[in-house]
$ cat data_30.cif   # mmCIF, C-alpha atoms and all ligand atoms
data_entry
loop_
_atom_site.label_atom_id
_atom_site.label_comp_id
_atom_site.auth_asym_id
_atom_site.auth_seq_id
_atom_site.Cartn_x
_atom_site.Cartn_y
_atom_site.Cartn_z
CA MET A 120 -39.78 -20.79 99.22
CA GLU A 121 -38.48 -22.44 96.04
CA SER A 122 -37.78 -26.16 96.39
CA THR A 123 -34.08 -25.67 95.54
CA GLU A 124 -33.88 -23.03 98.25
CA GLN A 125 -35.60 -25.38 100.71
CA TYR A 126 -33.18 -28.14 99.78
CA GLY A 127 -30.25 -25.78 100.27
CA CYS A 128 -31.52 -24.79 103.73
CA LEU A 129 -31.99 -28.42 104.72
CA LEU A 130 -28.57 -29.46 103.42
CA ASP A 131 -26.97 -26.60 105.30
CA LEU A 132 -28.78 -27.59 108.52
CA VAL A 133 -27.83 -31.23 108.09
CA LYS A 134 -24.18 -30.30 107.59
CA ARG A 135 -24.23 -28.01 110.62
CA ARG A 136 -25.66 -30.75 112.86
CA ARG A 137 -22.52 -32.25 114.27
CA SER A 138 -21.64 -34.23 117.36
CA VAL A 139 -20.16 -31.93 119.94
CA ARG A 140 -18.41 -33.57 122.87
CA GLN A 141 -17.18 -30.64 124.90
CA PHE A 142 -19.71 -28.18 126.30
CA LYS A 143 -19.78 -24.88 128.14
CA PRO A 144 -21.75 -24.96 131.40
CA ASP A 145 -23.92 -21.99 130.28
CA PRO A 146 -27.65 -22.64 130.81
CA VAL A 147 -30.02 -23.30 127.93
CA PRO A 148 -33.24 -21.22 127.83
CA GLU A 149 -36.27 -23.22 128.91
CA GLU A 150 -38.16 -22.33 125.72
CA TYR A 151 -35.40 -23.92 123.62
CA ILE A 152 -36.02 -27.26 125.30
CA THR A 153 -39.76 -26.83 124.66
CA LYS A 154 -39.01 -26.09 121.00
CA ILE A 155 -36.82 -29.21 120.69
CA MET A 156 -39.61 -31.35 122.15
CA GLU A 157 -42.24 -29.72 119.91
CA LEU A 158 -40.25 -30.65 116.82
CA ALA A 159 -39.58 -34.16 118.14
CA ARG A 160 -43.25 -35.04 118.41
CA TRP A 161 -43.64 -34.78 114.62
CA ALA A 162 -41.10 -37.54 113.94
CA PRO A 163 -42.30 -40.59 112.00
CA SER A 164 -42.65 -43.88 113.87
CA GLY A 165 -43.63 -47.43 112.96
CA PHE A 166 -47.44 -47.56 112.51
CA HIS A 167 -47.47 -44.12 114.12
CA THR A 168 -47.17 -45.65 117.58
CA GLN A 169 -44.97 -42.78 118.86
CA PRO A 170 -43.45 -45.04 121.52
CA TRP A 171 -41.26 -42.28 122.97
CA GLU A 172 -41.15 -40.46 126.29
CA PHE A 173 -38.52 -37.95 127.38
CA VAL A 174 -36.95 -36.98 130.67
CA VAL A 175 -35.23 -33.59 130.64
CA ILE A 176 -32.50 -33.56 133.27
CA ARG A 177 -31.29 -30.18 134.53
CA ASP A 178 -30.87 -30.83 138.26
CA PRO A 179 -27.08 -30.90 138.93
CA GLU A 180 -27.49 -33.72 141.47
CA VAL A 181 -29.40 -35.95 139.07
CA LYS A 182 -26.91 -35.13 136.31
CA ALA A 183 -24.02 -36.02 138.63
CA GLY A 184 -25.70 -39.35 139.43
CA ILE A 185 -26.02 -40.16 135.73
CA VAL A 186 -22.40 -39.19 135.07
CA ALA A 187 -21.22 -41.35 137.99
CA ALA A 188 -23.27 -44.33 136.74
CA LEU A 189 -21.76 -43.93 133.27
CA ASP A 190 -18.21 -43.54 134.59
CA GLU A 191 -18.56 -46.64 136.70
CA ARG A 192 -20.48 -48.93 134.38
CA ALA A 193 -19.91 -47.76 130.82
CA PRO A 194 -16.84 -45.53 130.55
CA ALA A 195 -16.60 -43.60 127.30
CA ILE A 196 -14.36 -44.79 124.48
CA THR A 197 -11.83 -42.05 123.90
CA ASP A 198 -8.41 -41.51 122.44
CA PRO A 199 -6.04 -42.53 125.27
CA ALA A 200 -3.52 -39.98 124.02
CA LYS A 201 -5.89 -37.17 124.94
CA LYS A 202 -5.56 -35.42 128.27
CA ALA A 203 -8.42 -36.24 130.65
CA ALA A 204 -9.52 -32.61 130.67
CA ALA A 205 -9.96 -32.69 126.90
CA ARG A 206 -12.26 -35.69 127.01
CA ASN A 207 -15.86 -36.31 127.93
CA SER A 208 -16.82 -32.86 129.01
CA PHE A 209 -20.38 -33.83 128.14
CA ARG A 210 -20.65 -33.72 131.92
CA ASP A 211 -20.34 -29.91 131.78
CA ALA A 212 -23.43 -29.58 129.57
CA PRO A 213 -26.45 -28.04 131.35
CA VAL A 214 -29.08 -30.43 129.97
CA PHE A 215 -29.33 -34.16 129.36
CA ILE A 216 -32.45 -35.50 127.61
CA LEU A 217 -33.14 -39.18 128.14
CA ALA A 218 -35.15 -40.59 125.25
CA LEU A 219 -37.20 -43.52 126.52
CA CYS A 220 -39.07 -46.20 124.65
CA ASP A 221 -42.43 -47.32 126.05
CA TRP A 222 -42.81 -50.86 124.79
CA ARG A 223 -46.48 -51.05 125.75
CA ALA A 224 -47.18 -48.97 122.63
CA LYS A 225 -46.57 -52.17 120.61
CA VAL A 226 -50.28 -53.02 121.08
CA GLY A 227 -50.87 -50.40 118.38
CA LEU A 228 -48.92 -52.40 115.80
CA PRO A 229 -50.58 -54.71 113.27
CA ARG A 230 -50.11 -58.47 113.37
CA GLN A 231 -50.59 -59.00 117.10
CA PRO A 232 -49.43 -60.39 119.46
CA ARG A 233 -46.01 -58.78 119.28
CA THR A 234 -42.96 -59.79 121.22
CA MET A 235 -40.32 -57.33 122.37
CA GLU A 236 -37.90 -59.01 119.94
CA ASP A 237 -39.96 -58.60 116.80
CA THR A 238 -40.82 -55.04 117.78
CA ALA A 239 -37.23 -54.04 118.49
CA PRO A 240 -36.08 -53.17 114.94
CA LEU A 241 -39.20 -51.06 114.34
CA TYR A 242 -38.73 -49.23 117.61
CA GLN A 243 -35.00 -48.75 117.16
CA SER A 244 -35.75 -46.99 113.87
CA SER A 245 -38.58 -44.91 115.36
CA MET A 246 -36.41 -43.83 118.29
CA ALA A 247 -33.52 -42.99 115.96
CA ASN A 248 -35.87 -40.76 113.95
CA VAL A 249 -37.04 -38.83 116.98
CA PHE A 250 -33.50 -38.49 118.21
CA LEU A 251 -32.31 -37.02 114.94
CA TYR A 252 -35.24 -34.60 114.89
CA MET A 253 -34.16 -33.44 118.36
CA GLN A 254 -30.58 -32.94 117.23
CA LEU A 255 -31.66 -30.99 114.16
CA ALA A 256 -33.99 -28.82 116.25
CA ALA A 257 -31.13 -28.08 118.67
CA THR A 258 -28.91 -27.07 115.73
CA THR A 259 -31.45 -24.55 114.46
CA LEU A 260 -31.44 -22.95 117.91
CA GLY A 261 -27.65 -22.55 117.94
CA LEU A 262 -27.26 -25.38 120.44
CA ALA A 263 -24.74 -28.19 120.37
CA SER A 264 -25.65 -31.78 121.09
CA GLN A 265 -24.16 -35.21 121.56
CA TRP A 266 -25.77 -38.58 121.00
CA TYR A 267 -24.86 -40.65 124.06
CA THR A 268 -25.42 -44.39 123.73
CA ALA A 269 -23.82 -45.79 126.87
CA THR A 270 -26.97 -44.89 128.84
CA SER A 271 -28.62 -47.95 127.28
CA SER A 272 -25.82 -50.37 128.13
CA PRO A 273 -27.29 -52.90 130.60
CA GLY A 274 -25.43 -51.89 133.81
CA ALA A 275 -25.68 -48.15 133.27
CA GLU A 276 -29.31 -48.29 132.18
CA LYS A 277 -30.42 -50.07 135.34
CA ALA A 278 -28.59 -47.57 137.56
CA ILE A 279 -29.92 -44.53 135.65
CA LYS A 280 -33.48 -45.87 135.70
CA GLU A 281 -33.24 -46.13 139.48
CA ILE A 282 -31.75 -42.65 139.89
CA VAL A 283 -34.40 -41.01 137.69
CA GLY A 284 -37.33 -43.27 138.65
CA ILE A 285 -38.11 -44.80 135.25
CA PRO A 286 -40.51 -47.75 135.65
CA GLU A 287 -40.77 -51.00 133.68
CA PRO A 288 -41.46 -51.62 130.83
CA LEU A 289 -39.89 -48.36 129.69
CA THR A 290 -36.30 -48.58 128.52
CA ILE A 291 -33.68 -45.93 127.90
CA TYR A 292 -32.99 -45.63 124.19
CA ASP A 293 -30.16 -43.09 124.33
CA MET A 294 -29.37 -39.74 125.89
CA MET A 295 -28.99 -36.41 124.14
CA VAL A 296 -26.53 -34.04 125.76
CA VAL A 297 -27.48 -30.41 125.06
CA GLY A 298 -25.67 -27.15 125.61
CA TYR A 299 -23.35 -24.65 124.01
CA GLU A 300 -20.28 -25.80 122.12
CA ALA A 301 -16.93 -25.41 123.93
CA VAL A 302 -14.85 -27.13 121.24
CA ALA A 303 -15.93 -27.42 117.62
CA PRO A 304 -15.80 -30.84 115.96
CA GLY A 305 -13.21 -31.43 113.24
CA PRO A 306 -14.06 -31.64 109.52
CA LYS A 307 -16.20 -34.69 108.75
CA ILE A 308 -15.25 -37.42 106.33
CA VAL A 309 -18.20 -38.83 104.39
CA ARG A 310 -18.56 -41.38 101.61
CA GLU A 311 -19.25 -40.17 98.09
CA VAL A 312 -22.72 -40.61 96.54
CA ALA A 313 -21.27 -42.45 93.54
CA ASP A 314 -19.57 -44.90 95.89
CA MET A 315 -22.76 -45.98 97.64
CA VAL A 316 -25.81 -45.45 95.41
CA HIS A 317 -26.84 -48.14 92.93
CA TYR A 318 -29.65 -48.01 90.42
CA ASP A 319 -32.21 -50.67 89.47
CA ALA A 320 -30.01 -53.73 89.72
CA CYS A 321 -26.70 -54.55 91.23
CA GLY A 322 -24.29 -57.38 91.78
CA VAL A 323 -21.34 -58.11 93.97
CA GLU A 324 -19.05 -56.12 91.67
CA ASP A 325 -20.99 -52.93 92.45
CA PHE A 326 -20.16 -53.03 96.12
CA ARG A 327 -16.93 -52.50 98.00
CA THR A 328 -14.57 -55.41 98.44
CA ASP A 329 -13.89 -56.74 101.95
CA ASP A 330 -10.51 -54.97 101.89
CA GLU A 331 -12.09 -51.66 100.86
CA VAL A 332 -14.69 -51.92 103.62
CA GLU A 333 -12.00 -52.69 106.17
CA GLU A 334 -9.72 -49.92 104.98
CA TYR A 335 -12.50 -47.33 105.18
CA ALA A 336 -13.58 -48.64 108.59
CA LYS A 337 -10.04 -48.10 109.89
CA LEU A 338 -10.19 -44.54 108.63
CA THR A 339 -13.53 -43.76 110.30
CA TYR A 340 -12.52 -45.54 113.50
CA ALA A 341 -9.38 -43.41 113.79
CA TRP A 342 -11.39 -40.29 112.92
CA CYS A 343 -13.99 -41.09 115.58
CA LEU A 344 -11.35 -41.69 118.25
CA ARG A 345 -9.81 -38.30 117.50
CA GLU A 346 -13.26 -36.69 117.71
CA HIS A 347 -13.95 -38.34 121.06
C1 LIG A 401 -26.91 -44.74 116.89
C2 LIG A 401 -25.83 -43.73 117.22
C3 LIG A 401 -25.13 -43.85 118.39
C4 LIG A 401 -24.14 -42.93 118.73
N1 LIG A 401 -23.53 -43.00 119.94
C5 LIG A 401 -22.64 -42.06 120.30
C6 LIG A 401 -22.06 -42.05 121.60
O1 LIG A 401 -22.36 -42.89 122.44
N2 LIG A 401 -21.17 -41.09 121.91
C7 LIG A 401 -20.83 -40.10 121.02
O2 LIG A 401 -20.03 -39.23 121.35
N3 LIG A 401 -21.36 -40.08 119.77
C8 LIG A 401 -22.25 -41.02 119.40
N4 LIG A 401 -22.83 -40.98 118.15
C9 LIG A 401 -22.43 -39.95 117.21
C10 LIG A 401 -21.57 -40.50 116.08
O3 LIG A 401 -20.31 -40.88 116.56
C11 LIG A 401 -21.46 -39.39 115.04
O4 LIG A 401 -22.75 -39.13 114.54
C12 LIG A 401 -20.56 -39.73 113.89
O5 LIG A 401 -19.24 -39.88 114.34
C13 LIG A 401 -20.59 -38.65 112.81
O6 LIG A 401 -20.24 -37.39 113.35
P1 LIG A 401 -21.23 -36.15 113.38
O7 LIG A 401 -22.38 -36.50 114.27
O8 LIG A 401 -20.40 -35.02 113.92
O9 LIG A 401 -21.69 -35.90 112.00
C14 LIG A 401 -23.83 -41.89 117.82
C15 LIG A 401 -24.55 -41.77 116.62
C16 LIG A 401 -25.54 -42.66 116.33
C17 LIG A 401 -26.35 -42.48 115.07
#

$ encode --input "data_30.cif" --output "structure tokens"
Amino acid sequence: MESTEQYGCLLDLVKRRRSVRQFKPDPVPEEYITKIMELARWAPSGFHTQPWEFVVIRDPEVKAGIVAALDERAPAITDPAKKAAARNSFRDAPVFILALCDWRAKVGLPRQPRTMEDTAPLYQSSMANVFLYMQLAATTLGLASQWYTATSSPGAEKAIKEIVGIPEPLTIYDMMVVGYEAVAPGPKIVREVADMVHYDACGVEDFRTDDEVEEYAKLTYAWCLREH
């Protein structure tokens, strides 16, 4: 395949990967989950430590436990104007994938000994990579997915670890909700390349002013609330 064609395919895939927040309850074929995990294992990680583990949750009782823990300890941020039925139907999705970080893998990093704190940025980036690979894999299979962060908020994480049986020192990075799209996301607003790319040298005048940053943040915040 020509490189321009490859680029076109990748750009198309990247644009099609969107956050879906309302799912049909239809089951996902087992082999699709296997394919998502196969792609995930090729993700880059700091010093190739591959600190990830995954728990695929399909059992309705375990899913219900996770949903209850989230509702109680880390309720989702949504547009209050939306009807309850139109919000948070991530709970209808047939599969949740918990992405875990195994901190013991830090022994494979250079410059030992390593603390959890100085490893954290490296592992956050590694886990984000694997997560994105999973989302992209799901997209290629015609599946919808949602990146769910509240699973790592302190109260919810503790409860979910108990429900699922996740031992120390593993932590929950985030949860990927997987299924078939019930409601399509709205058009995405994204910053322009010329607005954010700088070449060779730059100064304060090349970047947005405080007011511009704030104005754009208001726009994206309102957009996100509508999407939620
Ligand atoms: C680190 C990270 C955390 C996120 N957490 C959540 C979340 O908890 N719930 C959610 O619905 N979306 C979450 N998202 C998805 C973003 O809101 C979403 O990617 C962004 O609004 C752009 O929309 P898109 O994914 O449709 O392109 C998260 C994304 C990232 C990268």

$ residues_near_ligand --input "data_30.cif" --ligand "ligand LIG 401 (chain A)" --cutoff "6 Å" --atoms "only C-alpha atoms and all ligand atoms" --output "PyMOL selection string"
chain A and resi 137-138+265-269+343

$ residues_near_point --input "data_30.cif" --point "(-19.7, -37.4, 124.3)" --cutoff "12 Å" --atoms "all atoms listed in the file" --output "ChimeraX atom specification"
/A:137-142,186,189,194-197,205-212,215,263-270,293-298,300,302,304,343-344,346-347

$ write_last_selection --input "data_30.cif" --atoms "C-alpha atoms" --output "short mmCIF file (atom, residue, chain, number, x, y, z; two decimals), keeping the file's coordinate frame"
data_model
loop_
_atom_site.label_atom_id
_atom_site.label_comp_id
_atom_site.auth_asym_id
_atom_site.auth_seq_id
_atom_site.Cartn_x
_atom_site.Cartn_y
_atom_site.Cartn_z
CA ARG A 137 -22.52 -32.25 114.27
CA SER A 138 -21.64 -34.23 117.36
CA VAL A 139 -20.16 -31.93 119.94
CA ARG A 140 -18.41 -33.57 122.87
CA GLN A 141 -17.18 -30.64 124.90
CA PHE A 142 -19.71 -28.18 126.30
CA VAL A 186 -22.40 -39.19 135.07
CA LEU A 189 -21.76 -43.93 133.27
CA PRO A 194 -16.84 -45.53 130.55
CA ALA A 195 -16.60 -43.60 127.30
CA ILE A 196 -14.36 -44.79 124.48
CA THR A 197 -11.83 -42.05 123.90
CA ALA A 205 -9.96 -32.69 126.90
CA ARG A 206 -12.26 -35.69 127.01
CA ASN A 207 -15.86 -36.31 127.93
CA SER A 208 -16.82 -32.86 129.01
CA PHE A 209 -20.38 -33.83 128.14
CA ARG A 210 -20.65 -33.72 131.92
CA ASP A 211 -20.34 -29.91 131.78
CA ALA A 212 -23.43 -29.58 129.57
CA PHE A 215 -29.33 -34.16 129.36
CA ALA A 263 -24.74 -28.19 120.37
CA SER A 264 -25.65 -31.78 121.09
CA GLN A 265 -24.16 -35.21 121.56
CA TRP A 266 -25.77 -38.58 121.00
CA TYR A 267 -24.86 -40.65 124.06
CA THR A 268 -25.42 -44.39 123.73
CA ALA A 269 -23.82 -45.79 126.87
CA THR A 270 -26.97 -44.89 128.84
CA ASP A 293 -30.16 -43.09 124.33
CA MET A 294 -29.37 -39.74 125.89
CA MET A 295 -28.99 -36.41 124.14
CA VAL A 296 -26.53 -34.04 125.76
CA VAL A 297 -27.48 -30.41 125.06
CA GLY A 298 -25.67 -27.15 125.61
CA GLU A 300 -20.28 -25.80 122.12
CA VAL A 302 -14.85 -27.13 121.24
CA PRO A 304 -15.80 -30.84 115.96
CA CYS A 343 -13.99 -41.09 115.58
CA LEU A 344 -11.35 -41.69 118.25
CA GLU A 346 -13.26 -36.69 117.71
CA HIS A 347 -13.95 -38.34 121.06
#

$ closest_residue --input "data_30.cif" --among "A:Pro163, A:Gly127, A:Pro170, A:Pro146" --to "Cys220 in chain A" --atoms "all atoms listed in the file"
A:Pro170

$ atom_distance --input "data_30.cif" --atom1 "CA of Gly261 in chain A" --atom2 "CA of Lys134 in chain A"
13.4 Å

$ closest_residue --input "data_30.cif" --among "A:Arg223, A:Trp342, A:Ala218, A:Ala257" --to "Lys307 in chain A" --atoms "only C-alpha atoms"
A:Trp342

$ closest_residue --input "data_30.cif" --among "A:Arg136, A:Lys280, A:Asp329, A:Thr290" --to "Ala303 in chain A" --atoms "only C-alpha atoms"
A:Arg136

$ atom_distance --input "data_30.cif" --atom1 "CA of Ile308 in chain A" --atom2 "CA of Glu334 in chain A"
13.7 Å

$ atom_distance --input "data_30.cif" --atom1 "CA of Ala159 in chain A" --atom2 "CA of Ala188 in chain A"
26.7 Å

$ closest_residue --input "data_30.cif" --among "A:Leu255, A:Met120, A:Met246, A:Ile279" --to "Leu219 in chain A" --atoms "all atoms listed in the file"
A:Met246

$ closest_residue --input "data_30.cif" --among "A:Ala301, A:Arg177, A:Tyr252, A:Glu331" --to "Glu149 in chain A" --atoms "only C-alpha atoms"
A:Arg177

$ residues_around --input "data_30.cif" --residues "Lys154 in chain A" --least-positions-apart "3" --cutoff "10 Å" --atoms "only C-alpha atoms" --output "ChimeraX atom specification"
/A:149-151,157-159,253,256-257,260

$ closest_residue --input "data_30.cif" --among "A:Gln254, A:Glu236, A:Pro213, A:Pro273" --to "Ala193 in chain A" --atoms "all atoms listed in the file"
A:Pro273

$ residues_around --input "data_30.cif" --residues "Ile285 in chain A" --least-positions-apart "2" --cutoff "12 Å" --atoms "only C-alpha atoms" --output "number ranges by chain"
A: 172-174, 217-221, 276-283, 287-291

$ residues_around --input "data_30.cif" --residues "Arg327 in chain A" --least-positions-apart "6" --cutoff "12 Å" --atoms "only C-alpha atoms" --output "VMD selection string"
chain A and resid 310 313 to 317 333 to 336

$ build_atoms --input "data_30.cif" --residues "range 294-320 of chain A" --atoms "N, CA and C atoms" --output "PDB file, keeping the file's coordinate frame"
ATOM      1  N   MET A 294     -29.266 -41.037 125.218  1.00  0.00           N
ATOM      2  CA  MET A 294     -29.370 -39.740 125.890  1.00  0.00           C
ATOM      3  C   MET A 294     -28.803 -38.652 124.978  1.00  0.00           C
ATOM      4  N   MET A 295     -29.529 -37.540 124.907  1.00  0.00           N
ATOM      5  CA  MET A 295     -28.990 -36.410 124.140  1.00  0.00           C
ATOM      6  C   MET A 295     -28.446 -35.378 125.127  1.00  0.00           C
ATOM      7  N   VAL A 296     -27.184 -35.054 124.941  1.00  0.00           N
ATOM      8  CA  VAL A 296     -26.530 -34.040 125.760  1.00  0.00           C
ATOM      9  C   VAL A 296     -26.717 -32.714 125.020  1.00  0.00           C
ATOM     10  N   VAL A 297     -27.178 -31.693 125.721  1.00  0.00           N
ATOM     11  CA  VAL A 297     -27.480 -30.410 125.060  1.00  0.00           C
ATOM     12  C   VAL A 297     -26.822 -29.243 125.784  1.00  0.00           C
ATOM     13  N   GLY A 298     -26.272 -28.337 125.013  1.00  0.00           N
ATOM     14  CA  GLY A 298     -25.670 -27.150 125.610  1.00  0.00           C
ATOM     15  C   GLY A 298     -25.030 -26.290 124.543  1.00  0.00           C
ATOM     16  N   TYR A 299     -24.075 -25.492 124.965  1.00  0.00           N
ATOM     17  CA  TYR A 299     -23.350 -24.650 124.010  1.00  0.00           C
ATOM     18  C   TYR A 299     -21.957 -25.225 123.785  1.00  0.00           C
ATOM     19  N   GLU A 300     -21.543 -25.188 122.537  1.00  0.00           N
ATOM     20  CA  GLU A 300     -20.280 -25.800 122.120  1.00  0.00           C
ATOM     21  C   GLU A 300     -19.073 -25.122 122.795  1.00  0.00           C
ATOM     22  N   ALA A 301     -18.189 -25.949 123.385  1.00  0.00           N
ATOM     23  CA  ALA A 301     -16.930 -25.410 123.930  1.00  0.00           C
ATOM     24  C   ALA A 301     -15.818 -25.640 122.912  1.00  0.00           C
ATOM     25  N   VAL A 302     -15.869 -26.799 122.253  1.00  0.00           N
ATOM     26  CA  VAL A 302     -14.850 -27.130 121.240  1.00  0.00           C
ATOM     27  C   VAL A 302     -15.583 -27.642 119.996  1.00  0.00           C
ATOM     28  N   ALA A 303     -15.256 -27.034 118.874  1.00  0.00           N
ATOM     29  CA  ALA A 303     -15.930 -27.420 117.620  1.00  0.00           C
ATOM     30  C   ALA A 303     -15.405 -28.761 117.120  1.00  0.00           C
ATOM     31  N   PRO A 304     -16.275 -29.578 116.526  1.00  0.00           N
ATOM     32  CA  PRO A 304     -15.800 -30.840 115.960  1.00  0.00           C
ATOM     33  C   PRO A 304     -14.918 -30.583 114.734  1.00  0.00           C
ATOM     34  N   GLY A 305     -14.078 -31.562 114.411  1.00  0.00           N
ATOM     35  CA  GLY A 305     -13.210 -31.430 113.240  1.00  0.00           C
ATOM     36  C   GLY A 305     -13.991 -31.676 111.957  1.00  0.00           C
ATOM     37  N   PRO A 306     -13.363 -31.396 110.794  1.00  0.00           N
ATOM     38  CA  PRO A 306     -14.060 -31.640 109.520  1.00  0.00           C
ATOM     39  C   PRO A 306     -14.481 -33.105 109.411  1.00  0.00           C
ATOM     40  N   LYS A 307     -15.640 -33.328 108.802  1.00  0.00           N
ATOM     41  CA  LYS A 307     -16.200 -34.690 108.750  1.00  0.00           C
ATOM     42  C   LYS A 307     -15.800 -35.392 107.457  1.00  0.00           C
ATOM     43  N   ILE A 308     -15.484 -36.656 107.554  1.00  0.00           N
ATOM     44  CA  ILE A 308     -15.250 -37.420 106.330  1.00  0.00           C
ATOM     45  C   ILE A 308     -16.541 -38.192 106.014  1.00  0.00           C
ATOM     46  N   VAL A 309     -16.975 -38.104 104.778  1.00  0.00           N
ATOM     47  CA  VAL A 309     -18.200 -38.830 104.390  1.00  0.00           C
ATOM     48  C   VAL A 309     -17.988 -39.526 103.053  1.00  0.00           C
ATOM     49  N   ARG A 310     -18.677 -40.612 102.874  1.00  0.00           N
ATOM     50  CA  ARG A 310     -18.560 -41.380 101.610  1.00  0.00           C
ATOM     51  C   ARG A 310     -19.215 -40.591 100.476  1.00  0.00           C
ATOM     52  N   GLU A 311     -18.725 -40.845  99.280  1.00  0.00           N
ATOM     53  CA  GLU A 311     -19.250 -40.170  98.090  1.00  0.00           C
ATOM     54  C   GLU A 311     -20.545 -40.852  97.627  1.00  0.00           C
ATOM     55  N   VAL A 312     -21.443 -40.064  97.046  1.00  0.00           N
ATOM     56  CA  VAL A 312     -22.720 -40.610  96.540  1.00  0.00           C
ATOM     57  C   VAL A 312     -22.447 -41.728  95.526  1.00  0.00           C
ATOM     58  N   ALA A 313     -21.528 -41.476  94.608  1.00  0.00           N
ATOM     59  CA  ALA A 313     -21.270 -42.450  93.540  1.00  0.00           C
ATOM     60  C   ALA A 313     -20.742 -43.773  94.098  1.00  0.00           C
ATOM     61  N   ASP A 314     -20.168 -43.720  95.279  1.00  0.00           N
ATOM     62  CA  ASP A 314     -19.570 -44.900  95.890  1.00  0.00           C
ATOM     63  C   ASP A 314     -20.625 -45.776  96.582  1.00  0.00           C
ATOM     64  N   MET A 315     -21.810 -45.223  96.810  1.00  0.00           N
ATOM     65  CA  MET A 315     -22.760 -45.980  97.640  1.00  0.00           C
ATOM     66  C   MET A 315     -24.180 -46.075  97.075  1.00  0.00           C
ATOM     67  N   VAL A 316     -24.449 -45.399  95.963  1.00  0.00           N
ATOM     68  CA  VAL A 316     -25.810 -45.450  95.410  1.00  0.00           C
ATOM     69  C   VAL A 316     -25.805 -46.314  94.152  1.00  0.00           C
ATOM     70  N   HIS A 317     -26.747 -47.204  94.054  1.00  0.00           N
ATOM     71  CA  HIS A 317     -26.840 -48.140  92.930  1.00  0.00           C
ATOM     72  C   HIS A 317     -28.238 -48.039  92.349  1.00  0.00           C
ATOM     73  N   TYR A 318     -28.342 -48.202  91.059  1.00  0.00           N
ATOM     74  CA  TYR A 318     -29.650 -48.010  90.420  1.00  0.00           C
ATOM     75  C   TYR A 318     -30.172 -49.307  89.806  1.00  0.00           C
ATOM     76  N   ASP A 319     -31.414 -49.605  90.091  1.00  0.00           N
ATOM     77  CA  ASP A 319     -32.210 -50.670  89.470  1.00  0.00           C
ATOM     78  C   ASP A 319     -31.733 -52.085  89.745  1.00  0.00           C
ATOM     79  N   ALA A 320     -30.489 -52.370  89.468  1.00  0.00           N
ATOM     80  CA  ALA A 320     -30.010 -53.730  89.720  1.00  0.00           C
ATOM     81  C   ALA A 320     -28.546 -53.645  90.091  1.00  0.00           C
TER      82      ALA A 320
END
